[in-house]
$ cat data-v2.txt   # compact mmCIF, C-alpha atoms (C1' of nucleotides)
# COMPACT_ATOMS: atom_id res chain seq x y z
CA MET X 927 90.68 71.88 159.72
CA ALA X 928 87.30 70.86 161.11
CA PHE X 929 86.72 67.57 159.34
CA THR X 930 83.13 66.52 158.99
CA GLU X 931 81.99 62.95 159.42
CA ARG X 932 81.78 62.69 155.70
CA SER X 933 85.40 63.67 155.34
CA ALA X 934 86.45 61.31 158.12
CA ALA X 935 84.92 58.47 156.14
CA THR X 936 86.76 59.62 153.02
CA ARG X 937 89.92 59.75 155.06
CA THR X 938 89.72 56.11 156.06
CA SER X 939 88.68 55.11 152.56
CA ILE X 940 91.84 56.69 151.26
CA LEU X 941 93.91 54.75 153.78
CA THR X 942 92.25 51.46 152.84
CA ALA X 943 92.77 52.08 149.14
CA ALA X 944 96.38 53.00 149.76
CA ARG X 945 96.97 49.74 151.65
CA LYS X 946 95.42 47.64 148.93
CA LEU X 947 97.50 49.34 146.26
CA LEU X 948 100.62 48.83 148.35
CA VAL X 949 99.82 45.14 148.63
CA GLU X 950 99.12 44.84 144.92
CA ARG X 951 101.85 47.03 143.45
CA GLY X 952 104.33 48.12 146.10
CA PHE X 953 105.48 51.62 146.96
CA GLU X 954 106.03 53.00 143.46
CA GLY X 955 102.77 51.49 142.28
CA MET X 956 100.78 53.28 144.94
CA THR X 957 100.50 56.63 143.21
CA ILE X 958 98.49 59.49 144.64
CA ARG X 959 96.44 59.48 141.48
CA ALA X 960 95.67 55.78 141.61
CA VAL X 961 94.58 56.02 145.24
CA ALA X 962 92.32 58.97 144.46
CA GLU X 963 90.78 57.21 141.49
CA ARG X 964 90.01 54.08 143.49
CA VAL X 965 88.29 56.11 146.20
CA GLY X 966 86.53 58.33 143.68
CA VAL X 967 87.91 61.66 144.82
CA ASP X 968 90.26 64.22 143.41
CA PRO X 969 94.02 63.57 143.79
CA SER X 970 94.40 66.88 145.56
CA MET X 971 92.19 65.55 148.36
CA VAL X 972 94.68 62.81 149.10
CA MET X 973 97.39 65.44 149.39
CA ARG X 974 95.19 67.57 151.61
CA TYR X 975 94.50 64.73 154.03
CA TYR X 976 97.95 63.21 154.24
CA GLY X 977 100.26 66.00 153.15
CA SER X 978 102.48 63.96 150.90
CA LYS X 979 103.00 60.50 149.54
CA ALA X 980 105.41 59.79 152.38
CA GLY X 981 102.77 60.89 154.87
CA LEU X 982 100.20 58.58 153.35
CA PHE X 983 102.67 55.72 153.37
CA SER X 984 103.53 56.28 157.02
CA ALA X 985 99.88 56.26 157.97
CA ALA X 986 99.31 53.09 155.95
CA VAL X 987 102.02 51.08 157.69
CA ASP X 988 101.25 52.28 161.20
CA VAL X 989 99.86 49.04 162.55
CA ASP X 990 101.25 46.29 164.72
CA LEU X 991 101.41 42.53 164.45
CA ARG X 992 98.93 41.99 167.30
CA LEU X 993 101.19 39.35 168.71
CA ASP X 994 99.48 40.03 172.02
CA GLN X 995 96.58 38.03 170.62
CA VAL X 996 98.77 34.99 171.02
CA GLU X 997 97.95 33.55 174.41
CA GLN X 998 99.81 35.02 177.31
CA ARG X 999 101.18 31.69 178.49
CA PRO X 1000 101.02 29.19 175.68
CA PRO X 1001 102.57 25.75 176.04
CA LEU X 1002 106.19 26.26 175.08
CA ASP X 1003 106.31 23.18 172.89
CA ARG X 1004 103.41 24.37 170.74
CA LEU X 1005 104.73 27.89 170.18
CA GLY X 1006 105.87 27.24 166.63
CA GLU X 1007 102.51 25.91 165.57
CA LEU X 1008 100.73 28.85 167.19
CA LEU X 1009 102.96 31.41 165.48
CA VAL X 1010 102.50 29.92 162.02
CA ARG X 1011 98.76 29.71 162.58
CA HIS X 1012 98.60 33.28 163.84
CA PHE X 1013 100.35 34.74 160.82
CA LEU X 1014 98.45 32.61 158.31
CA ALA X 1015 95.20 33.72 159.90
CA ARG X 1016 96.19 37.36 159.55
CA TRP X 1017 97.27 36.98 155.97
CA GLU X 1018 94.35 34.86 154.83
CA GLY X 1019 91.64 37.35 155.81
CA ASP X 1020 89.46 38.75 153.09
CA LEU X 1021 91.01 42.04 154.03
CA SER X 1022 93.91 41.77 151.63
CA ASP X 1023 95.79 44.58 153.26
CA ASP X 1024 97.91 42.96 155.88
CA VAL X 1025 100.75 45.21 156.87
CA LEU X 1026 103.46 42.59 156.69
CA ILE X 1027 102.61 41.62 153.12
CA LEU X 1028 102.36 45.26 152.21
CA LEU X 1029 105.74 46.04 153.74
CA LEU X 1030 107.22 42.99 152.07
CA ARG X 1031 106.25 44.32 148.69
CA SER X 1032 107.45 47.85 149.44
CA ALA X 1033 110.65 47.13 151.34
CA SER X 1034 112.51 46.01 148.22
CA THR X 1035 112.62 49.49 146.81
CA ASN X 1036 111.68 51.81 149.64
CA PRO X 1037 114.12 52.46 152.50
CA MET X 1038 111.32 53.60 154.84
CA ALA X 1039 109.56 50.28 154.40
CA ALA X 1040 112.74 48.30 155.00
CA GLU X 1041 113.46 50.26 158.16
CA ARG X 1042 109.91 49.77 159.39
CA MET X 1043 110.29 46.06 158.73
CA ARG X 1044 113.39 45.90 160.89
CA GLU X 1045 111.61 47.81 163.64
CA VAL X 1046 108.66 45.43 163.55
CA PHE X 1047 111.02 42.50 163.69
CA ALA X 1048 113.18 43.81 166.53
CA GLY X 1049 110.41 45.46 168.50
CA GLN X 1050 107.70 42.85 168.24
CA ILE X 1051 108.90 39.42 167.12
CA ALA X 1052 112.22 39.42 168.97
CA ALA X 1053 110.59 40.89 172.06
CA GLN X 1054 107.90 38.19 172.14
CA VAL X 1055 110.46 35.46 171.62
CA ALA X 1056 112.49 36.79 174.53
CA ARG X 1057 109.41 37.08 176.75
CA LEU X 1058 108.06 33.63 175.97
CA THR X 1059 111.22 31.57 175.86
CA GLY X 1060 113.48 33.64 178.07
CA ALA X 1061 116.34 32.72 175.77
CA GLY X 1062 119.48 34.83 175.88
CA ASP X 1063 119.95 34.53 172.13
CA ALA X 1064 116.40 35.67 171.44
CA GLU X 1065 117.41 38.07 168.68
CA HIS X 1066 119.21 35.39 166.72
CA ARG X 1067 116.38 32.90 167.18
CA ALA X 1068 113.83 35.54 166.17
CA GLY X 1069 115.90 36.21 163.07
CA LEU X 1070 115.74 32.57 162.07
CA VAL X 1071 112.00 32.50 162.73
CA SER X 1072 111.64 35.56 160.53
CA THR X 1073 113.45 33.90 157.64
CA GLN X 1074 110.92 31.11 157.67
CA LEU X 1075 107.78 33.18 158.24
CA LEU X 1076 108.69 35.88 155.73
CA GLY X 1077 109.81 33.24 153.25
CA LEU X 1078 106.40 31.66 153.55
CA ALA X 1079 104.63 34.99 153.04
CA LEU X 1080 106.86 35.80 150.11
CA THR X 1081 106.34 32.58 148.19
CA ARG X 1082 102.63 32.26 148.99
CA TYR X 1083 101.36 35.81 148.61
CA VAL X 1084 103.91 37.78 146.60
CA LEU X 1085 105.67 35.36 144.25
CA ARG X 1086 102.71 32.99 144.24
CA PHE X 1087 104.61 29.74 143.81
CA PRO X 1088 101.92 27.22 142.84
CA PRO X 1089 102.76 24.59 145.49
CA MET X 1090 102.64 27.22 148.22
CA VAL X 1091 99.46 28.83 146.93
CA GLU X 1092 97.67 25.51 146.69
CA ALA X 1093 98.65 24.18 150.11
CA ASP X 1094 95.91 24.56 152.72
CA THR X 1095 96.66 26.29 155.97
CA GLU X 1096 96.52 23.18 158.15
CA THR X 1097 99.12 21.47 156.00
CA LEU X 1098 101.39 24.48 156.29
CA VAL X 1099 100.90 24.63 160.05
CA ARG X 1100 101.76 20.96 160.34
CA GLU X 1101 104.84 21.16 158.13
CA ILE X 1102 106.31 24.56 158.95
CA GLY X 1103 105.24 24.79 162.60
CA PRO X 1104 107.88 22.28 163.76
CA VAL X 1105 110.61 24.22 161.98
CA VAL X 1106 109.63 27.45 163.71
CA GLN X 1107 109.43 25.51 166.96
CA HIS X 1108 112.96 24.25 166.39
CA TYR X 1109 114.25 27.77 165.81
CA LEU X 1110 112.52 28.94 168.98
CA THR X 1111 113.47 26.28 171.48
CA GLY X 1112 115.63 23.69 169.74
CA SER X 1113 119.20 22.87 170.60
CA GLY X 1114 122.02 23.54 168.16
CA ILE X 1115 121.03 27.18 167.77
CA THR X 1116 123.85 29.48 168.78
CA ALA X 1117 124.42 33.06 167.84
CA MET J 525 124.63 45.68 113.04
CA ALA J 526 128.27 44.68 113.07
CA PHE J 527 129.32 45.43 116.62
CA THR J 528 132.99 46.09 117.10
CA GLU J 529 134.92 44.61 119.98
CA ARG J 530 134.73 47.95 121.68
CA SER J 531 130.98 47.94 121.47
CA ALA J 532 130.78 44.35 122.65
CA ALA J 533 132.63 45.41 125.80
CA THR J 534 130.22 48.29 126.26
CA ARG J 535 127.37 45.87 125.80
CA THR J 536 128.46 43.65 128.66
CA SER J 537 129.28 46.69 130.81
CA ILE J 538 125.72 47.82 130.36
CA LEU J 539 124.43 44.43 131.43
CA THR J 540 126.61 44.39 134.53
CA ALA J 541 125.54 47.88 135.52
CA ALA J 542 121.90 46.94 134.98
CA ARG J 543 122.25 43.93 137.27
CA LYS J 544 123.85 45.94 140.01
CA LEU J 545 121.17 48.59 139.84
CA LEU J 546 118.48 45.91 139.93
CA VAL J 547 120.06 44.46 143.06
CA GLU J 548 120.34 47.87 144.68
CA ARG J 549 117.06 49.47 143.70
CA GLY J 550 114.76 46.96 142.04
CA PHE J 551 113.02 47.25 138.69
CA GLU J 552 111.75 50.81 138.91
CA GLY J 553 115.10 51.98 140.25
CA MET J 554 116.99 50.59 137.28
CA THR J 555 116.36 53.44 134.86
CA ILE J 556 117.92 53.57 131.42
CA ARG J 557 119.53 56.83 132.40
CA ALA J 558 121.04 55.50 135.60
CA VAL J 559 122.48 52.51 133.76
CA ALA J 560 123.95 54.74 131.08
CA GLU J 561 125.46 57.09 133.61
CA ARG J 562 127.11 54.28 135.54
CA VAL J 563 128.68 52.91 132.37
CA GLY J 564 129.59 56.35 131.09
CA VAL J 565 127.67 56.29 127.85
CA ASP J 566 124.67 58.05 126.45
CA PRO J 567 121.22 56.74 127.43
CA SER J 568 120.34 56.26 123.80
CA MET J 569 123.11 53.69 123.52
CA VAL J 570 121.40 51.50 126.07
CA MET J 571 118.26 51.67 123.99
CA ARG J 572 120.19 50.88 120.85
CA TYR J 573 121.76 47.77 122.35
CA TYR J 574 118.76 46.34 124.15
CA GLY J 575 115.78 47.89 122.40
CA SER J 576 113.80 48.77 125.49
CA LYS J 577 113.86 48.66 129.23
CA ALA J 578 112.03 45.35 129.13
CA GLY J 579 114.64 43.99 126.73
CA LEU J 580 117.45 45.03 129.03
CA PHE J 581 115.68 43.46 131.98
CA SER J 582 115.16 40.19 130.15
CA ALA J 583 118.82 40.04 129.23
CA ALA J 584 119.82 40.81 132.81
CA VAL J 585 117.84 37.95 134.33
CA ASP J 586 118.72 35.39 131.70
CA VAL J 587 120.98 33.26 133.86
CA ASP J 588 120.55 29.99 135.66
CA LEU J 589 121.15 28.88 139.22
CA ARG J 590 124.06 26.62 138.25
CA LEU J 591 122.58 23.91 140.38
CA ASP J 592 124.51 21.50 138.20
CA GLN J 593 127.54 22.61 140.15
CA VAL J 594 126.11 20.66 143.03
CA GLU J 595 127.65 17.23 142.85
CA GLN J 596 125.93 14.77 140.59
CA ARG J 597 125.42 12.19 143.33
CA PRO J 598 125.75 13.85 146.70
CA PRO J 599 125.03 11.90 149.88
CA LEU J 600 121.28 12.22 150.32
CA ASP J 601 121.52 13.01 154.00
CA ARG J 602 123.79 15.99 153.40
CA LEU J 603 121.71 17.56 150.63
CA GLY J 604 120.26 20.30 152.84
CA GLU J 605 123.67 21.43 153.99
CA LEU J 606 125.00 21.42 150.42
CA LEU J 607 122.10 23.48 149.13
CA VAL J 608 122.39 26.15 151.80
CA ARG J 609 126.14 26.31 151.27
CA HIS J 610 125.73 26.54 147.51
CA PHE J 611 123.35 29.47 147.65
CA LEU J 612 125.28 31.33 150.33
CA ALA J 613 128.44 30.95 148.26
CA ARG J 614 126.65 32.44 145.26
CA TRP J 615 125.23 35.33 147.21
CA GLU J 616 128.33 36.18 149.21
CA GLY J 617 130.58 36.71 146.19
CA ASP J 618 131.98 40.12 145.47
CA LEU J 619 129.76 39.89 142.47
CA SER J 620 126.88 41.64 144.11
CA ASP J 621 124.72 40.99 141.11
CA ASP J 622 123.29 37.56 141.73
CA VAL J 623 120.18 36.92 139.72
CA LEU J 624 118.17 35.51 142.57
CA ILE J 625 118.72 38.54 144.79
CA LEU J 626 118.03 40.80 141.85
CA LEU J 627 114.82 38.98 141.03
CA LEU J 628 113.84 39.04 144.69
CA ARG J 629 114.04 42.82 144.71
CA SER J 630 112.22 43.19 141.41
CA ALA J 631 109.52 40.55 141.73
CA SER J 632 107.60 42.57 144.31
CA THR J 633 106.53 45.13 141.78
CA ASN J 634 107.29 43.66 138.38
CA PRO J 635 105.17 40.84 136.96
CA MET J 636 107.92 39.74 134.58
CA ALA J 637 110.30 39.24 137.47
CA ALA J 638 107.73 37.28 139.45
CA GLU J 639 107.03 35.05 136.48
CA ARG J 640 110.72 34.48 135.90
CA MET J 641 111.04 33.59 139.59
CA ARG J 642 108.35 30.93 139.25
CA GLU J 643 110.05 29.56 136.16
CA VAL J 644 113.39 29.32 137.94
CA PHE J 645 111.73 27.61 140.84
CA ALA J 646 109.78 25.09 138.77
CA GLY J 647 112.42 24.50 136.13
CA GLN J 648 115.52 24.33 138.25
CA ILE J 649 114.89 23.83 141.96
CA ALA J 650 111.94 21.48 141.70
CA ALA J 651 113.61 19.58 138.88
CA GLN J 652 116.79 19.04 140.91
CA VAL J 653 114.81 17.97 143.96
CA ALA J 654 112.95 15.43 141.86
CA ARG J 655 116.16 14.16 140.29
CA LEU J 656 118.09 13.84 143.54
CA THR J 657 115.43 12.54 145.88
CA GLY J 658 113.12 10.84 143.43
CA ALA J 659 110.23 11.95 145.58
CA GLY J 660 106.76 11.99 144.07
CA ASP J 661 105.87 15.16 145.94
CA ALA J 662 108.99 16.93 144.70
CA GLU J 663 107.13 20.11 143.79
CA HIS J 664 105.68 20.52 147.24
CA ARG J 665 109.00 19.77 148.92
CA ALA J 666 110.79 22.17 146.59
CA GLY J 667 108.24 24.81 147.51
CA LEU J 668 109.00 24.38 151.20
CA VAL J 669 112.73 24.53 150.49
CA SER J 670 112.15 27.74 148.56
CA THR J 671 110.35 29.37 151.48
CA GLN J 672 113.39 28.82 153.66
CA LEU J 673 116.09 29.71 151.12
CA LEU J 674 114.32 32.79 149.80
CA GLY J 675 113.43 33.83 153.34
CA LEU J 676 117.11 33.67 154.18
CA ALA J 677 118.07 35.73 151.13
CA LEU J 678 115.34 38.24 151.87
CA THR J 679 116.26 38.90 155.50
CA ARG J 680 120.02 38.80 154.97
CA TYR J 681 120.49 40.72 151.72
CA VAL J 682 117.34 42.75 151.08
CA LEU J 683 115.81 43.62 154.44
CA ARG J 684 119.15 43.35 156.22
CA PHE J 685 117.92 42.14 159.58
CA PRO J 686 120.90 42.63 161.91
CA PRO J 687 120.98 39.07 163.34
CA MET J 688 120.92 37.61 159.84
CA VAL J 689 123.51 40.03 158.47
CA GLU J 690 125.88 39.37 161.34
CA ALA J 691 125.68 35.58 161.29
CA ASP J 692 128.61 33.93 159.54
CA THR J 693 127.97 31.48 156.76
CA GLU J 694 129.03 28.37 158.68
CA THR J 695 126.56 29.16 161.44
CA LEU J 696 123.80 29.55 158.89
CA VAL J 697 124.74 26.29 157.17
CA ARG J 698 124.69 24.48 160.50
CA GLU J 699 121.37 25.94 161.63
CA ILE J 700 119.37 26.15 158.41
CA GLY J 701 120.84 23.17 156.59
CA PRO J 702 118.96 20.63 158.75
CA VAL J 703 115.69 22.41 158.09
CA VAL J 704 116.20 22.24 154.33
CA GLN J 705 117.23 18.62 154.76
CA HIS J 706 113.99 17.95 156.60
CA TYR J 707 111.94 19.53 153.84
CA LEU J 708 113.80 17.46 151.25
CA THR J 709 113.76 14.00 152.77
CA GLY J 710 111.97 14.17 156.12
CA SER J 711 108.79 12.35 156.99
CA GLY J 712 105.58 14.22 157.75
CA ILE J 713 105.75 16.15 154.49
CA THR J 714 102.67 15.48 152.38
CA ALA J 715 101.26 17.55 149.58
C1' DG O 892 128.59 53.96 116.57
C1' DT O 893 127.72 58.01 119.30
C1' DC O 894 125.42 61.96 120.31
C1' DT O 895 121.68 65.98 120.55
C1' DA O 896 117.12 67.14 120.65
C1' DT O 897 112.77 66.25 121.66
C1' DA O 898 108.22 63.95 121.75
C1' DA O 899 104.90 61.83 124.86
C1' DT O 900 103.83 60.19 129.55
C1' DT O 901 103.45 60.11 134.24
C1' DC O 902 104.24 61.64 138.62
C1' DG O 903 104.30 64.60 143.07
C1' DA O 904 103.08 68.90 144.54
C1' DT O 905 101.10 73.82 144.67
C1' DA O 906 97.96 77.77 143.82
C1' DG O 907 93.72 79.30 143.88
C1' DA O 908 88.59 79.54 142.45
C1' DC O 909 84.23 78.22 144.35
C1' DG D 121 85.95 70.74 151.64
C1' DT D 122 86.25 69.89 146.74
C1' DC D 123 87.71 70.91 142.42
C1' DT D 124 90.50 72.85 138.05
C1' DA D 125 94.65 74.07 136.30
C1' DT D 126 99.25 73.81 136.17
C1' DC D 127 104.23 73.62 137.36
C1' DG D 128 108.54 71.12 137.45
C1' DA D 129 110.79 66.94 137.38
C1' DA D 130 111.66 62.38 135.76
C1' DT D 131 110.99 58.75 132.69
C1' DT D 132 110.80 55.78 128.14
C1' DA D 133 111.34 56.14 123.52
C1' DT D 134 112.17 58.06 118.75
C1' DA D 135 114.21 60.90 114.94
C1' DG D 136 118.00 62.29 112.94
C1' DA D 137 122.66 64.84 112.61
C1' DC D 138 127.52 63.70 112.56

$ encode --input "data-v2.txt" --output "structure tokens"
Amino acid sequence: MAFTERSAATRTSILTAARKLLVERGFEGMTIRAVAERVGVDPSMVMRYYGSKAGLFSAAVDVDLRLDQVEQRPPLDRLGELLVRHFLARWEGDLSDDVLILLLRSASTNPMAAERMREVFAGQIAAQVARLTGAGDAEHRAGLVSTQLLGLALTRYVLRFPPMVEADTETLVREIGPVVQHYLTGSGITA
Amino acid sequence: MAFTERSAATRTSILTAARKLLVERGFEGMTIRAVAERVGVDPSMVMRYYGSKAGLFSAAVDVDLRLDQVEQRPPLDRLGELLVRHFLARWEGDLSDDVLILLLRSASTNPMAAERMREVFAGQIAAQVARLTGAGDAEHRAGLVSTQLLGLALTRYVLRFPPMVEADTETLVREIGPVVQHYLTGSGITA
DNA sequence: GTCTATAATTCGATAGAC
DNA sequence: GTCTATCGAATTATAGAC
């Protein structure tokens, strides 16, 4: 193998291009050829570095939600607001390659992406909900939270519904935060 | 042209098969060949009847949400519950070819599907919200409602998150209905 | 109306020269 | 490490026989 520094840079460039194409076009739209063209290398290089399209895809989605960046002990009654703000901040970045958006676009047609989505949900969101609220029905509550957060991502970044695209982040935090809060700690939620 | 009755039946069979494939695999997965095979005809017949893949797709998504089936003058404070129940009833049917689910799976990678989704949203959901609530910010409220309803459809039918798949419909109506109600008529919602 | 045959693309993947 | 050349498969779409 013996990759040079030059090739290491190419390697990460390929990964970045792959992520952007996944965000823009989904799994089928991220072709080996399109990735190579965007980076400015030969398609065979992409194969050499990542073995196959599946290998490239796996490498592209191997990131976590960084939910640990949410404070360790946040006030329980502001958890909903913090979650909405955290996800919006991730998605808004100029880096338009957030993993959740990318998975969202790929999961509709690619079983690997759907499975990875379920893992992220169960392993990260549900786990954090259980840790922070100590609720016994954490999985069910995390599921409800996911419907709202993924629904927001879907309409704002994938489907691009005008009212959701135009809304500023503070408005969304103020309006959707309480709903997430209700799913997390409200009464009347029973699995 | 002069289609016989036999061919008219084939024509609708093709449309049904196309819808089911769109639900199962999304736009790229619905190939002319796969549709033809499922119906038991030659691929060229599909082309003959619908001209192109785009033509078949357009025909497959040309349906409405039947929101008129919601009562003309429902109690305003039960609107959220009614909406959630209405959509769940549509999606649960043995007809696993609901247009909204189908569009949801296709819109991630197909611009036509995304555009059709926006049209459905603006022309049907937002219009009904405006008619029923008379709110001036109906578009914004309808957008919020869409995040929750589409998020539910996404996690339950496309991503198949276990907690959302396992929940029975009455539980979902009871838990999500109030949220939709809040988006429709609650205070603190401002565009 | 239904089918065969095939053109024209596009894709993932491999072999091998340099 | 990087490239050319190419294979084999799948797809949309068309032409035309019957």

$ interface_residues --input "data-v2.txt" --of "chain O" --to "chain J" --cutoff "10 Å" --atoms "only C-alpha atoms (C1' of nucleotides)" --output "ChimeraX atom specification"
/O:892-894

$ interface_residues --input "data-v2.txt" --of "chain J" --to "chain X" --cutoff "9 Å" --atoms "all atoms listed in the file" --output "compact mmCIF listing (two decimals) with C-alpha atoms, in the frame of the given file"
# COMPACT_ATOMS: atom_id res chain seq x y z
CA GLU J 548 120.34 47.87 144.68
CA ARG J 549 117.06 49.47 143.70
CA GLY J 550 114.76 46.96 142.04
CA PHE J 551 113.02 47.25 138.69
CA GLU J 552 111.75 50.81 138.91
CA GLY J 553 115.10 51.98 140.25
CA LEU J 628 113.84 39.04 144.69
CA ARG J 629 114.04 42.82 144.71
CA SER J 630 112.22 43.19 141.41
CA ALA J 631 109.52 40.55 141.73
CA SER J 632 107.60 42.57 144.31
CA THR J 633 106.53 45.13 141.78
CA ASN J 634 107.29 43.66 138.38
CA ALA J 638 107.73 37.28 139.45
CA GLU J 639 107.03 35.05 136.48
CA MET J 641 111.04 33.59 139.59
CA ARG J 642 108.35 30.93 139.25
CA PHE J 645 111.73 27.61 140.84
CA ALA J 646 109.78 25.09 138.77
CA GLU J 663 107.13 20.11 143.79
CA HIS J 664 105.68 20.52 147.24
CA ARG J 665 109.00 19.77 148.92
CA ALA J 666 110.79 22.17 146.59
CA GLY J 667 108.24 24.81 147.51
CA LEU J 668 109.00 24.38 151.20
CA SER J 670 112.15 27.74 148.56
CA THR J 671 110.35 29.37 151.48
CA GLN J 672 113.39 28.82 153.66
CA LEU J 673 116.09 29.71 151.12
CA LEU J 674 114.32 32.79 149.80
CA GLY J 675 113.43 33.83 153.34
CA LEU J 676 117.11 33.67 154.18
CA ALA J 677 118.07 35.73 151.13
CA LEU J 678 115.34 38.24 151.87
CA THR J 679 116.26 38.90 155.50
CA ARG J 680 120.02 38.80 154.97
CA VAL J 682 117.34 42.75 151.08
CA LEU J 683 115.81 43.62 154.44
CA ARG J 684 119.15 43.35 156.22
CA PHE J 685 117.92 42.14 159.58
CA PRO J 686 120.90 42.63 161.91
CA PRO J 687 120.98 39.07 163.34
CA MET J 688 120.92 37.61 159.84
CA ALA J 691 125.68 35.58 161.29
CA THR J 695 126.56 29.16 161.44
CA ARG J 698 124.69 24.48 160.50
CA GLU J 699 121.37 25.94 161.63
CA ILE J 700 119.37 26.15 158.41
CA VAL J 703 115.69 22.41 158.09
CA HIS J 706 113.99 17.95 156.60
CA TYR J 707 111.94 19.53 153.84
CA GLY J 712 105.58 14.22 157.75
CA ILE J 713 105.75 16.15 154.49
CA THR J 714 102.67 15.48 152.38
CA ALA J 715 101.26 17.55 149.58

$ interface_residues --input "data-v2.txt" --of "chain D" --to "chain J" --cutoff "12 Å" --atoms "all atoms listed in the file" --output "number ranges by chain"
D: 130-135

$ residues_around --input "data-v2.txt" --residues "D:DA129" --least-positions-apart "6" --cutoff "12 Å" --atoms "all atoms listed in the file" --output "ChimeraX atom specification"
/O:901-904

$ atom_distance --input "data-v2.txt" --atom1 "atom C1' of O:DA896" --atom2 "atom CA of J:Thr534"
23.6 Å

$ atom_distance --input "data-v2.txt" --atom1 "atom CA of J:Gln652" --atom2 "atom CA of J:Val594"
9.7 Å

$ atom_distance --input "data-v2.txt" --atom1 "atom C1' of D:DA137" --atom2 "atom CA of J:Glu529"
24.8 Å

$ residues_around --input "data-v2.txt" --residues "X:Glu1018" --least-positions-apart "3" --cutoff "12 Å" --atoms "only C-alpha atoms (C1' of nucleotides)" --output "list in words"
Val1010, Arg1011, His1012, Phe1013, Leu1014, Ala1015, Leu1021, Ser1022, Asp1023, Asp1024, Ile1027, Ala1079, Arg1082, Tyr1083, Val1091, Asp1094 and Thr1095 of chain X

$ build_atoms --input "data-v2.txt" --residues "stretch 680-696 of chain J" --atoms "N, CA and C atoms" --output "PDB file, keeping the file's coordinate frame"
ATOM      1  N   ARG J 680     118.585  38.524 154.893  1.00  0.00           N
ATOM      2  CA  ARG J 680     120.020  38.800 154.970  1.00  0.00           C
ATOM      3  C   ARG J 680     120.475  39.877 153.986  1.00  0.00           C
ATOM      4  N   TYR J 681     119.957  39.838 152.749  1.00  0.00           N
ATOM      5  CA  TYR J 681     120.490  40.720 151.720  1.00  0.00           C
ATOM      6  C   TYR J 681     119.562  41.859 151.336  1.00  0.00           C
ATOM      7  N   VAL J 682     118.270  41.697 151.495  1.00  0.00           N
ATOM      8  CA  VAL J 682     117.340  42.750 151.080  1.00  0.00           C
ATOM      9  C   VAL J 682     116.881  43.569 152.282  1.00  0.00           C
ATOM     10  N   LEU J 683     116.299  42.888 153.277  1.00  0.00           N
ATOM     11  CA  LEU J 683     115.810  43.620 154.440  1.00  0.00           C
ATOM     12  C   LEU J 683     116.936  43.948 155.416  1.00  0.00           C
ATOM     13  N   ARG J 684     117.982  43.148 155.372  1.00  0.00           N
ATOM     14  CA  ARG J 684     119.150  43.350 156.220  1.00  0.00           C
ATOM     15  C   ARG J 684     118.807  43.370 157.702  1.00  0.00           C
ATOM     16  N   PHE J 685     118.151  42.302 158.154  1.00  0.00           N
ATOM     17  CA  PHE J 685     117.920  42.140 159.580  1.00  0.00           C
ATOM     18  C   PHE J 685     119.272  41.920 160.259  1.00  0.00           C
ATOM     19  N   PRO J 686     119.585  42.722 161.265  1.00  0.00           N
ATOM     20  CA  PRO J 686     120.900  42.630 161.910  1.00  0.00           C
ATOM     21  C   PRO J 686     121.328  41.207 162.285  1.00  0.00           C
ATOM     22  N   PRO J 687     120.494  40.407 162.949  1.00  0.00           N
ATOM     23  CA  PRO J 687     120.980  39.070 163.340  1.00  0.00           C
ATOM     24  C   PRO J 687     121.335  38.209 162.128  1.00  0.00           C
ATOM     25  N   MET J 688     120.652  38.419 161.021  1.00  0.00           N
ATOM     26  CA  MET J 688     120.920  37.610 159.840  1.00  0.00           C
ATOM     27  C   MET J 688     122.127  38.131 159.068  1.00  0.00           C
ATOM     28  N   VAL J 689     122.345  39.447 159.144  1.00  0.00           N
ATOM     29  CA  VAL J 689     123.510  40.030 158.470  1.00  0.00           C
ATOM     30  C   VAL J 689     124.787  39.637 159.210  1.00  0.00           C
ATOM     31  N   GLU J 690     124.682  39.615 160.534  1.00  0.00           N
ATOM     32  CA  GLU J 690     125.880  39.370 161.340  1.00  0.00           C
ATOM     33  C   GLU J 690     126.299  37.907 161.371  1.00  0.00           C
ATOM     34  N   ALA J 691     125.341  37.008 161.207  1.00  0.00           N
ATOM     35  CA  ALA J 691     125.680  35.580 161.290  1.00  0.00           C
ATOM     36  C   ALA J 691     126.679  35.189 160.211  1.00  0.00           C
ATOM     37  N   ASP J 692     127.674  34.379 160.565  1.00  0.00           N
ATOM     38  CA  ASP J 692     128.610  33.930 159.540  1.00  0.00           C
ATOM     39  C   ASP J 692     128.014  32.731 158.805  1.00  0.00           C
ATOM     40  N   THR J 693     128.572  32.472 157.641  1.00  0.00           N
ATOM     41  CA  THR J 693     127.970  31.480 156.760  1.00  0.00           C
ATOM     42  C   THR J 693     127.950  30.084 157.380  1.00  0.00           C
ATOM     43  N   GLU J 694     128.992  29.719 158.098  1.00  0.00           N
ATOM     44  CA  GLU J 694     129.030  28.370 158.680  1.00  0.00           C
ATOM     45  C   GLU J 694     127.919  28.181 159.709  1.00  0.00           C
ATOM     46  N   THR J 695     127.661  29.225 160.476  1.00  0.00           N
ATOM     47  CA  THR J 695     126.560  29.160 161.440  1.00  0.00           C
ATOM     48  C   THR J 695     125.234  28.934 160.718  1.00  0.00           C
ATOM     49  N   LEU J 696     125.053  29.670 159.641  1.00  0.00           N
ATOM     50  CA  LEU J 696     123.800  29.550 158.890  1.00  0.00           C
ATOM     51  C   LEU J 696     123.673  28.156 158.273  1.00  0.00           C
TER      52      LEU J 696
END
